[in-house]
Amino acid sequence: MRLFKLNTTLHKWLSLFVGLQLLIWLGTGLYFNLMDHSKASGNELRVHSHHEGNITDFIFTPIKDVTSEAPQEVKLIWLLHQPYYHFVFDKGQHSYQERHSKLFDAVTGKPFNLSEEQVLTLAKNSYSGEGKLTTPVLSQPPFSDHVRKKNPMWKVVVEDENNTTIYLDSITGQVLRHANDDFRLKDLMMKLHFMDYGNSGGFNHWLIIAFAFATLFLSVTGVTWLIQQYRGGLLKLGWGTNRQKVAVTFSNQNTTTDISAVGRSTVLEGLASSHVYLPSSCGGGGTCGKCVFLSSTKLPITLSEREHLSQEQLKEGFRLGCQHRFSEISSIEVYTDLNIENHELVVVATNFITPFIKEVKFKLKSGKQLAFKAGAYMQFDVPAGVNSLRPDDMPENFEKYWESYSHGKFSHDGVTRYYSLVNFDQETDELTFNIRWQTAKDGYNAGIGSSYLGSLEVGETIIAKGPFSDFYATSDKKVPRIFIGAGSGLAPLRAIIFEQLKKHQDEGDLTLIYGARTEDDLLYCDELNSLSEQHKNFSYIPTLSNPSEQWQGHSGYVQQVFLPYLSQNVKFLSTEFYLCGPEAMMSEVEQIITDVGIPSNQIFKDKFSR
């Protein structure tokens with residue numbers, strides 16, 4: 001299993017590496033086909049001049065009388081129509097490699113060195129443009145325009161629109177290269193095309209060799225992955241648009257209906273085509289593990305399913321909708337609704353239960369009672385209007401917390417907001433929500449959704465859609481569960497705990513670690529204490545970040561309380577963790593859990609804000 005996971009991970013990273021370079025090759029290859037070769041050579045304004053003189057006009061000194069040092073080779077060259085001996089004492093196989101040579105006057109036999117004036121004349125004779133040539137500079141390697149060159153060169157910069165630079169041999173004065181902006185662009189493209197990111201000046205370097213091996217490994221890991229898919233029964237070729245009919249049972253409604261979809265589409269896509277939506281936050285990429293369904297057909301198990309589903313779930317037949325095709329199944333069970341309706345809700349009670357959280361209770365105007373899993377949320381359609389910056393019905397004992405906030409009104413557009421249900425479906429015929437009033441401060445208005453719902457009075461109505469369920473207890477089995485929350489993040493956790501204890505008579509150990517700021521900010525404290533007395537398998541651990549001197553419980557943030565509890569009381573292989581609260585808190589707690597070796601498929605999170 002680990003080897004297969006390593007193989008797929010390696011294959012993905014190699015695909016990224018090789019794919020990026022392939023895109024670079026495509027781009028540079030297109031450039032080479034479209035470029036102006038005359039300009040890109042750098043020789044657009046270069047001319048070839050002849051410096052040879054008449055040999056009969058000179059009396060030459062014999063070569064043997066010039067120097068006693070034995071050369072590898074001697075050449076007679078002409079510079080500005082004057083003859084010179086070029087003695088080469090040491091050189092490499094290529095002209096760009098290091099070389100030791102000297103120039104001697106062929107008539108006098110004396111050593112000769114080029115002057116700046118002579119170099120400038122040679123450069124001018126090779127240039128046909130109208131630019132001004134600057135004073136030559138004898139430069140040492142490395143050179144940006146000639147990265148392989150190991151010998152000094154004369155460099156003459158030309159002030160023209162092409163930014164031309166003329167390079168001449170430091171000994172012989174031979175014009176070696178004209179470089180301009182077009183040449184430099186071509187040179188850059190050559191570096192990218194040959195992966196010469198280390199400026200070796202060629203293609204025979206370690207990086208391109210490593211790339212060749214990476215491509216080989218990409219092929220090997222790809223073939224290995226195909227073999228893995230084939231052995232797992234997941235390698236299927238689908239052609240055409242044949243439709244498959246599947247019997248789908250909706251657990252929330254206890255109804256079954258036939259749904260038809262294209263056979264080669266995934267279960268997730270096939271259901272969505274009939275407006276049946278499994279939860280998914282990764283778009284079907286297999287990384288969120290939310291699009292769970294129960295199959296009556298024995299299906300192969302994919303790597304994503306091994307990572308996100310427990311062994312117990314896999315044995316029962318639970319699979320992920322993004323990992324299997326519609327043609328593989330005949331009947332399935334899903335934990336979602338066939339039709340998500342709009343409901344008109346009527347306020348039946350409203351009351352501040354902490355200084356900043358208002359409990360608002362609704363009933364359906366139609367009189368029906370909704371069936372949903374604990375931890376569900378609803379989508380509220382808040383109309384455009386004018387809201388208060390702070391509550392108008394604040395209880396007197398909470399007024400001290402609002403002294404720094406201004407009275408007033410603000411206007412807003414219509415918005416959509418999401419709130420988790422505090423209760424489970426069979427607890428009451430009411431729908432209860434905790435609305436945390438988002439305060440106005442530092443130039444920001446109050447929260448639109450919270451100030452609107454928090455200002456609703458008994459008898460007023462609002463339109464809501466749902467409930468939606470993507471955060472809930474994984475099963476009714478007896479497994480230890482730890483719930484960690486803060487602030488109004490308690491809402492879905494409370495619902496799940498009450499559902500497990502009162503509806504399912506869960507006998508597994510349940511623990512709630514809940515954080516708030518002060519004693520007044522604790523939600524449902526008396527109720528949870530009473531629940532822990534009634535059910536010996538439930539423990540309630542509140543902690544305050546800013547407690548009074550009379551506080552007898554834990555102090556600090558939930559992370560600080562949870563860490564020692566984790567090391568002393570947790571069964572690592574079976575305990576499930578349910579998190580809801582501020583994003584920073586959940587991230588830190590999740591890191592603590594995974595750091596001790598608990599797999600991520602035992603951690604369930606509810607986004608604090610949607």
# chains A, B, ... in the order shown; residues from 1 in each chain; ligands from 1
>>> residues_around(residues="A:Tyr524", least_positions_apart="3", cutoff="12 Å", atoms="only C-alpha atoms", output="list in words")
Phe352, Ile353, Thr354, Ile357, Glu359, Val422, Asn434, Gly487, Ser488, Leu490, Ala491, Leu493, Arg494, Ala495, Tyr514, Ala516, Glu519, Asp520, Asp521, Glu527, Leu528, Asn529, Ser530, Leu531, Tyr540 and Pro542 of chain A
>>> write_last_selection(atoms="N, CA and C atoms", output="PDB file, in the first residue's frame")
ATOM      1  N   PHE A 352     -30.910  35.989  23.868  1.00  0.00           N
ATOM      2  CA  PHE A 352     -29.456  36.010  24.028  1.00  0.00           C
ATOM      3  C   PHE A 352     -29.071  35.016  25.121  1.00  0.00           C
ATOM      4  N   ILE A 353     -28.201  34.057  24.789  1.00  0.00           N
ATOM      5  CA  ILE A 353     -27.755  33.074  25.781  1.00  0.00           C
ATOM      6  C   ILE A 353     -26.302  33.303  26.201  1.00  0.00           C
ATOM      7  N   THR A 354     -25.591  34.150  25.461  1.00  0.00           N
ATOM      8  CA  THR A 354     -24.277  34.666  25.869  1.00  0.00           C
ATOM      9  C   THR A 354     -24.259  36.130  25.437  1.00  0.00           C
ATOM     10  N   ILE A 357     -24.034  35.802  21.492  1.00  0.00           N
ATOM     11  CA  ILE A 357     -24.698  34.726  20.754  1.00  0.00           C
ATOM     12  C   ILE A 357     -26.183  34.694  21.125  1.00  0.00           C
ATOM     13  N   GLU A 359     -29.774  32.707  20.590  1.00  0.00           N
ATOM     14  CA  GLU A 359     -30.420  31.470  20.183  1.00  0.00           C
ATOM     15  C   GLU A 359     -31.741  31.822  19.522  1.00  0.00           C
ATOM     16  N   VAL A 422     -28.409  23.466  15.976  1.00  0.00           N
ATOM     17  CA  VAL A 422     -27.962  23.106  17.316  1.00  0.00           C
ATOM     18  C   VAL A 422     -28.558  21.764  17.750  1.00  0.00           C
ATOM     19  N   ASN A 434     -27.595  28.999  16.661  1.00  0.00           N
ATOM     20  CA  ASN A 434     -26.845  29.972  17.458  1.00  0.00           C
ATOM     21  C   ASN A 434     -26.321  31.046  16.516  1.00  0.00           C
ATOM     22  N   GLY A 487     -16.467  28.851  20.864  1.00  0.00           N
ATOM     23  CA  GLY A 487     -17.464  29.831  20.468  1.00  0.00           C
ATOM     24  C   GLY A 487     -18.735  29.177  19.953  1.00  0.00           C
ATOM     25  N   SER A 488     -19.299  29.760  18.879  1.00  0.00           N
ATOM     26  CA  SER A 488     -20.527  29.209  18.310  1.00  0.00           C
ATOM     27  C   SER A 488     -20.270  27.931  17.528  1.00  0.00           C
ATOM     28  N   LEU A 490     -19.778  25.319  18.797  1.00  0.00           N
ATOM     29  CA  LEU A 490     -20.383  24.242  19.588  1.00  0.00           C
ATOM     30  C   LEU A 490     -21.650  23.701  18.937  1.00  0.00           C
ATOM     31  N   ALA A 491     -22.332  24.507  18.122  1.00  0.00           N
ATOM     32  CA  ALA A 491     -23.667  24.145  17.613  1.00  0.00           C
ATOM     33  C   ALA A 491     -23.715  22.748  16.983  1.00  0.00           C
ATOM     34  N   LEU A 493     -21.541  20.348  17.100  1.00  0.00           N
ATOM     35  CA  LEU A 493     -20.994  19.351  18.020  1.00  0.00           C
ATOM     36  C   LEU A 493     -22.054  18.928  19.040  1.00  0.00           C
ATOM     37  N   ARG A 494     -22.784  19.932  19.577  1.00  0.00           N
ATOM     38  CA  ARG A 494     -23.860  19.627  20.531  1.00  0.00           C
ATOM     39  C   ARG A 494     -24.902  18.718  19.882  1.00  0.00           C
ATOM     40  N   ALA A 495     -25.274  19.042  18.618  1.00  0.00           N
ATOM     41  CA  ALA A 495     -26.289  18.251  17.927  1.00  0.00           C
ATOM     42  C   ALA A 495     -25.840  16.802  17.772  1.00  0.00           C
ATOM     43  N   TYR A 514     -14.443  22.183  25.153  1.00  0.00           N
ATOM     44  CA  TYR A 514     -15.060  23.391  24.592  1.00  0.00           C
ATOM     45  C   TYR A 514     -14.414  24.639  25.180  1.00  0.00           C
ATOM     46  N   ALA A 516     -14.166  28.919  25.532  1.00  0.00           N
ATOM     47  CA  ALA A 516     -14.844  30.210  25.458  1.00  0.00           C
ATOM     48  C   ALA A 516     -13.950  31.237  26.148  1.00  0.00           C
ATOM     49  N   GLU A 519     -16.914  33.066  31.701  1.00  0.00           N
ATOM     50  CA  GLU A 519     -18.017  32.217  32.143  1.00  0.00           C
ATOM     51  C   GLU A 519     -19.306  32.576  31.413  1.00  0.00           C
ATOM     52  N   ASP A 520     -19.524  33.855  31.160  1.00  0.00           N
ATOM     53  CA  ASP A 520     -20.749  34.281  30.474  1.00  0.00           C
ATOM     54  C   ASP A 520     -20.795  33.787  29.033  1.00  0.00           C
ATOM     55  N   ASP A 521     -19.615  33.475  28.441  1.00  0.00           N
ATOM     56  CA  ASP A 521     -19.564  33.061  27.037  1.00  0.00           C
ATOM     57  C   ASP A 521     -19.769  31.563  26.847  1.00  0.00           C
ATOM     58  N   GLU A 527     -26.658  22.537  30.693  1.00  0.00           N
ATOM     59  CA  GLU A 527     -27.221  21.415  29.952  1.00  0.00           C
ATOM     60  C   GLU A 527     -26.175  20.324  29.728  1.00  0.00           C
ATOM     61  N   LEU A 528     -24.962  20.730  29.378  1.00  0.00           N
ATOM     62  CA  LEU A 528     -23.897  19.762  29.119  1.00  0.00           C
ATOM     63  C   LEU A 528     -23.418  19.102  30.406  1.00  0.00           C
ATOM     64  N   ASN A 529     -23.374  19.876  31.497  1.00  0.00           N
ATOM     65  CA  ASN A 529     -23.022  19.273  32.788  1.00  0.00           C
ATOM     66  C   ASN A 529     -24.053  18.226  33.190  1.00  0.00           C
ATOM     67  N   SER A 530     -25.310  18.554  32.980  1.00  0.00           N
ATOM     68  CA  SER A 530     -26.385  17.613  33.303  1.00  0.00           C
ATOM     69  C   SER A 530     -26.284  16.360  32.443  1.00  0.00           C
ATOM     70  N   LEU A 531     -25.937  16.544  31.157  1.00  0.00           N
ATOM     71  CA  LEU A 531     -25.799  15.404  30.245  1.00  0.00           C
ATOM     72  C   LEU A 531     -24.674  14.483  30.698  1.00  0.00           C
ATOM     73  N   TYR A 540     -17.561  16.309  29.783  1.00  0.00           N
ATOM     74  CA  TYR A 540     -17.617  17.706  29.337  1.00  0.00           C
ATOM     75  C   TYR A 540     -16.468  18.465  29.993  1.00  0.00           C
ATOM     76  N   PRO A 542     -14.985  22.133  29.844  1.00  0.00           N
ATOM     77  CA  PRO A 542     -14.926  23.532  29.389  1.00  0.00           C
ATOM     78  C   PRO A 542     -13.606  24.171  29.801  1.00  0.00           C
TER      79      PRO A 542
END
>>> residues_around(residues="stretch 34-39 of chain A", least_positions_apart="4", cutoff="9 Å", atoms="only C-alpha atoms", output="PyMOL selection string")
chain A and resi 29-30+43-45+180-183+186
>>> closest_residue(among="A:Phe89, A:Tyr418, A:Tyr565, A:Phe498", to="A:Ala374", atoms="only C-alpha atoms")
A:Phe498
>>> closest_residue(among="A:Gly515, A:Ile463, A:Tyr578, A:Leu309", to="A:Pro599", atoms="only C-alpha atoms")
A:Leu309
>>> closest_residue(among="A:Ile448, A:Val334, A:Cys525, A:Leu512", to="A:Arg390", atoms="only C-alpha atoms")
A:Ile448
>>> atom_distance(atom1="atom CA of A:Ser68", atom2="atom CA of A:Phe104")
12.9 Å
>>> residues_around(residues="A:Val119", least_positions_apart="5", cutoff="12 Å", atoms="only C-alpha atoms", output="count of residues only")
27
>>> closest_residue(among="A:Ser139, A:Ser567, A:Thr518, A:Ser295", to="A:Tyr401", atoms="only C-alpha atoms")
A:Thr518
>>> residues_around(residues="A:Thr287", least_positions_apart="6", cutoff="10 Å", atoms="only C-alpha atoms", output="list in words")
Ser280, Ser281, Ser304, Glu305, Glu307, His308 and Cys322 of chain A
>>> closest_residue(among="A:Gln568, A:Thr336, A:Gln559, A:Thr439", to="A:Glu588", atoms="only C-alpha atoms")
A:Gln559
>>> closest_residue(among="A:Leu303, A:Gly42, A:Ser49, A:Glu73", to="A:Leu6", atoms="only C-alpha atoms")
A:Leu303
>>> select_by_dssp(residues="stretch 16-164 of chain A", states="alpha helix (DSSP H)", output="ChimeraX atom specification")
/A:16-34,37-40,116-125
>>> residues_around(residues="A:Asp506", least_positions_apart="3", cutoff="9 Å", atoms="only C-alpha atoms", output="list in words")
Asp476, Lys477, Lys478, Val479, Glu499, Gln500, Leu501, Lys502, Lys503, Asp509, Leu510 and Asn537 of chain A
>>> write_last_selection(atoms="C-alpha atoms", output="PDB file, in the first residue's frame")
ATOM      1  CA  ASP A 476     -23.694   4.323  14.937  1.00  0.00           C
ATOM      2  CA  LYS A 477     -20.905   1.985  15.995  1.00  0.00           C
ATOM      3  CA  LYS A 478     -19.293   2.018  19.422  1.00  0.00           C
ATOM      4  CA  VAL A 479     -16.101   4.035  18.863  1.00  0.00           C
ATOM      5  CA  GLU A 499     -28.056  12.487  18.683  1.00  0.00           C
ATOM      6  CA  GLN A 500     -25.497   9.829  19.607  1.00  0.00           C
ATOM      7  CA  LEU A 501     -26.566   9.641  23.237  1.00  0.00           C
ATOM      8  CA  LYS A 502     -30.321  10.140  23.026  1.00  0.00           C
ATOM      9  CA  LYS A 503     -31.224   8.763  19.587  1.00  0.00           C
ATOM     10  CA  ASP A 509     -16.713   7.187  25.094  1.00  0.00           C
ATOM     11  CA  LEU A 510     -17.659  10.748  24.082  1.00  0.00           C
ATOM     12  CA  ASN A 537     -19.619   7.691  28.853  1.00  0.00           C
TER      13      ASN A 537
END
>>> select_by_dssp(residues="stretch 298-452 of chain A", states="strand (DSSP E)", output="ChimeraX atom specification")
/A:318-320,331-334,342-352,357-364,377-382,385-388,409-412,415-420,431-436
>>> residues_around(residues="A:Leu389", least_positions_apart="2", cutoff="9 Å", atoms="only C-alpha atoms", output="ChimeraX atom specification")
/A:387,391,405-410,439-440,445-447,451
>>> decode(residues="stretch 104-128 of chain A", atoms="N, CA, C and O atoms", output="PDB file, in the first residue's frame")
ATOM      1  N   PHE A 104      54.116  38.069 -32.602  1.00  0.00           N
ATOM      2  CA  PHE A 104      55.416  38.672 -32.871  1.00  0.00           C
ATOM      3  C   PHE A 104      55.367  39.378 -34.213  1.00  0.00           C
ATOM      4  O   PHE A 104      54.703  38.901 -35.158  1.00  0.00           O
ATOM      5  N   ASP A 105      56.044  40.505 -34.306  1.00  0.00           N
ATOM      6  CA  ASP A 105      56.158  41.229 -35.575  1.00  0.00           C
ATOM      7  C   ASP A 105      56.968  40.366 -36.532  1.00  0.00           C
ATOM      8  O   ASP A 105      58.108  39.981 -36.241  1.00  0.00           O
ATOM      9  N   ALA A 106      56.396  40.021 -37.683  1.00  0.00           N
ATOM     10  CA  ALA A 106      57.060  39.106 -38.618  1.00  0.00           C
ATOM     11  C   ALA A 106      58.288  39.732 -39.260  1.00  0.00           C
ATOM     12  O   ALA A 106      59.141  39.014 -39.789  1.00  0.00           O
ATOM     13  N   VAL A 107      58.406  41.067 -39.222  1.00  0.00           N
ATOM     14  CA  VAL A 107      59.551  41.747 -39.844  1.00  0.00           C
ATOM     15  C   VAL A 107      60.677  41.916 -38.829  1.00  0.00           C
ATOM     16  O   VAL A 107      61.838  41.572 -39.086  1.00  0.00           O
ATOM     17  N   THR A 108      60.351  42.417 -37.642  1.00  0.00           N
ATOM     18  CA  THR A 108      61.387  42.689 -36.642  1.00  0.00           C
ATOM     19  C   THR A 108      61.626  41.507 -35.715  1.00  0.00           C
ATOM     20  O   THR A 108      62.673  41.431 -35.062  1.00  0.00           O
ATOM     21  N   GLY A 109      60.639  40.632 -35.597  1.00  0.00           N
ATOM     22  CA  GLY A 109      60.757  39.496 -34.685  1.00  0.00           C
ATOM     23  C   GLY A 109      60.478  39.854 -33.237  1.00  0.00           C
ATOM     24  O   GLY A 109      60.629  39.020 -32.345  1.00  0.00           O
ATOM     25  N   LYS A 110      60.053  41.069 -32.971  1.00  0.00           N
ATOM     26  CA  LYS A 110      59.805  41.503 -31.598  1.00  0.00           C
ATOM     27  C   LYS A 110      58.361  41.183 -31.187  1.00  0.00           C
ATOM     28  O   LYS A 110      57.463  41.166 -32.023  1.00  0.00           O
ATOM     29  N   PRO A 111      58.165  40.933 -29.862  1.00  0.00           N
ATOM     30  CA  PRO A 111      56.793  40.687 -29.378  1.00  0.00           C
ATOM     31  C   PRO A 111      55.892  41.876 -29.682  1.00  0.00           C
ATOM     32  O   PRO A 111      56.329  43.033 -29.658  1.00  0.00           O
ATOM     33  N   PHE A 112      54.610  41.576 -29.943  1.00  0.00           N
ATOM     34  CA  PHE A 112      53.667  42.624 -30.312  1.00  0.00           C
ATOM     35  C   PHE A 112      52.353  42.445 -29.535  1.00  0.00           C
ATOM     36  O   PHE A 112      51.853  41.337 -29.405  1.00  0.00           O
ATOM     37  N   ASN A 113      51.812  43.551 -29.005  1.00  0.00           N
ATOM     38  CA  ASN A 113      50.520  43.557 -28.323  1.00  0.00           C
ATOM     39  C   ASN A 113      49.609  44.593 -28.961  1.00  0.00           C
ATOM     40  O   ASN A 113      50.057  45.714 -29.279  1.00  0.00           O
ATOM     41  N   LEU A 114      48.357  44.242 -29.163  1.00  0.00           N
ATOM     42  CA  LEU A 114      47.406  45.168 -29.768  1.00  0.00           C
ATOM     43  C   LEU A 114      47.175  46.372 -28.862  1.00  0.00           C
ATOM     44  O   LEU A 114      47.066  46.242 -27.636  1.00  0.00           O
ATOM     45  N   SER A 115      47.035  47.539 -29.452  1.00  0.00           N
ATOM     46  CA  SER A 115      46.676  48.743 -28.705  1.00  0.00           C
ATOM     47  C   SER A 115      45.179  48.972 -28.797  1.00  0.00           C
ATOM     48  O   SER A 115      44.489  48.370 -29.631  1.00  0.00           O
ATOM     49  N   GLU A 116      44.659  49.830 -27.928  1.00  0.00           N
ATOM     50  CA  GLU A 116      43.232  50.130 -27.947  1.00  0.00           C
ATOM     51  C   GLU A 116      42.820  50.737 -29.281  1.00  0.00           C
ATOM     52  O   GLU A 116      41.738  50.438 -29.802  1.00  0.00           O
ATOM     53  N   GLU A 117      43.714  51.598 -29.866  1.00  0.00           N
ATOM     54  CA  GLU A 117      43.389  52.229 -31.146  1.00  0.00           C
ATOM     55  C   GLU A 117      43.267  51.196 -32.251  1.00  0.00           C
ATOM     56  O   GLU A 117      42.365  51.267 -33.103  1.00  0.00           O
ATOM     57  N   GLN A 118      44.165  50.197 -32.249  1.00  0.00           N
ATOM     58  CA  GLN A 118      44.112  49.160 -33.276  1.00  0.00           C
ATOM     59  C   GLN A 118      42.855  48.294 -33.112  1.00  0.00           C
ATOM     60  O   GLN A 118      42.204  47.944 -34.098  1.00  0.00           O
ATOM     61  N   VAL A 119      42.549  47.968 -31.855  1.00  0.00           N
ATOM     62  CA  VAL A 119      41.339  47.173 -31.607  1.00  0.00           C
ATOM     63  C   VAL A 119      40.103  47.921 -32.071  1.00  0.00           C
ATOM     64  O   VAL A 119      39.195  47.365 -32.692  1.00  0.00           O
ATOM     65  N   LEU A 120      40.060  49.244 -31.775  1.00  0.00           N
ATOM     66  CA  LEU A 120      38.913  50.046 -32.179  1.00  0.00           C
ATOM     67  C   LEU A 120      38.785  50.073 -33.699  1.00  0.00           C
ATOM     68  O   LEU A 120      37.686  49.988 -34.252  1.00  0.00           O
ATOM     69  N   THR A 121      39.943  50.177 -34.397  1.00  0.00           N
ATOM     70  CA  THR A 121      39.922  50.178 -35.860  1.00  0.00           C
ATOM     71  C   THR A 121      39.407  48.850 -36.398  1.00  0.00           C
ATOM     72  O   THR A 121      38.585  48.813 -37.320  1.00  0.00           O
ATOM     73  N   LEU A 122      39.886  47.740 -35.829  1.00  0.00           N
ATOM     74  CA  LEU A 122      39.425  46.413 -36.258  1.00  0.00           C
ATOM     75  C   LEU A 122      37.918  46.262 -36.034  1.00  0.00           C
ATOM     76  O   LEU A 122      37.209  45.693 -36.865  1.00  0.00           O
ATOM     77  N   ALA A 123      37.418  46.771 -34.880  1.00  0.00           N
ATOM     78  CA  ALA A 123      35.994  46.679 -34.589  1.00  0.00           C
ATOM     79  C   ALA A 123      35.177  47.508 -35.576  1.00  0.00           C
ATOM     80  O   ALA A 123      34.135  47.061 -36.064  1.00  0.00           O
ATOM     81  N   LYS A 124      35.673  48.733 -35.871  1.00  0.00           N
ATOM     82  CA  LYS A 124      34.966  49.594 -36.830  1.00  0.00           C
ATOM     83  C   LYS A 124      34.897  48.958 -38.204  1.00  0.00           C
ATOM     84  O   LYS A 124      33.887  49.055 -38.905  1.00  0.00           O
ATOM     85  N   ASN A 125      35.994  48.301 -38.593  1.00  0.00           N
ATOM     86  CA  ASN A 125      36.016  47.669 -39.912  1.00  0.00           C
ATOM     87  C   ASN A 125      35.018  46.518 -40.025  1.00  0.00           C
ATOM     88  O   ASN A 125      34.661  46.126 -41.140  1.00  0.00           O
ATOM     89  N   SER A 126      34.561  45.963 -38.868  1.00  0.00           N
ATOM     90  CA  SER A 126      33.618  44.841 -38.902  1.00  0.00           C
ATOM     91  C   SER A 126      32.168  45.288 -38.709  1.00  0.00           C
ATOM     92  O   SER A 126      31.270  44.459 -38.708  1.00  0.00           O
ATOM     93  N   TYR A 127      31.944  46.606 -38.568  1.00  0.00           N
ATOM     94  CA  TYR A 127      30.616  47.116 -38.218  1.00  0.00           C
ATOM     95  C   TYR A 127      30.122  48.064 -39.294  1.00  0.00           C
ATOM     96  O   TYR A 127      30.828  49.017 -39.683  1.00  0.00           O
ATOM     97  N   SER A 128      28.907  47.829 -39.800  1.00  0.00           N
ATOM     98  CA  SER A 128      28.365  48.643 -40.894  1.00  0.00           C
ATOM     99  C   SER A 128      27.265  49.591 -40.434  1.00  0.00           C
ATOM    100  O   SER A 128      26.665  50.276 -41.257  1.00  0.00           O
TER     101      SER A 128
END
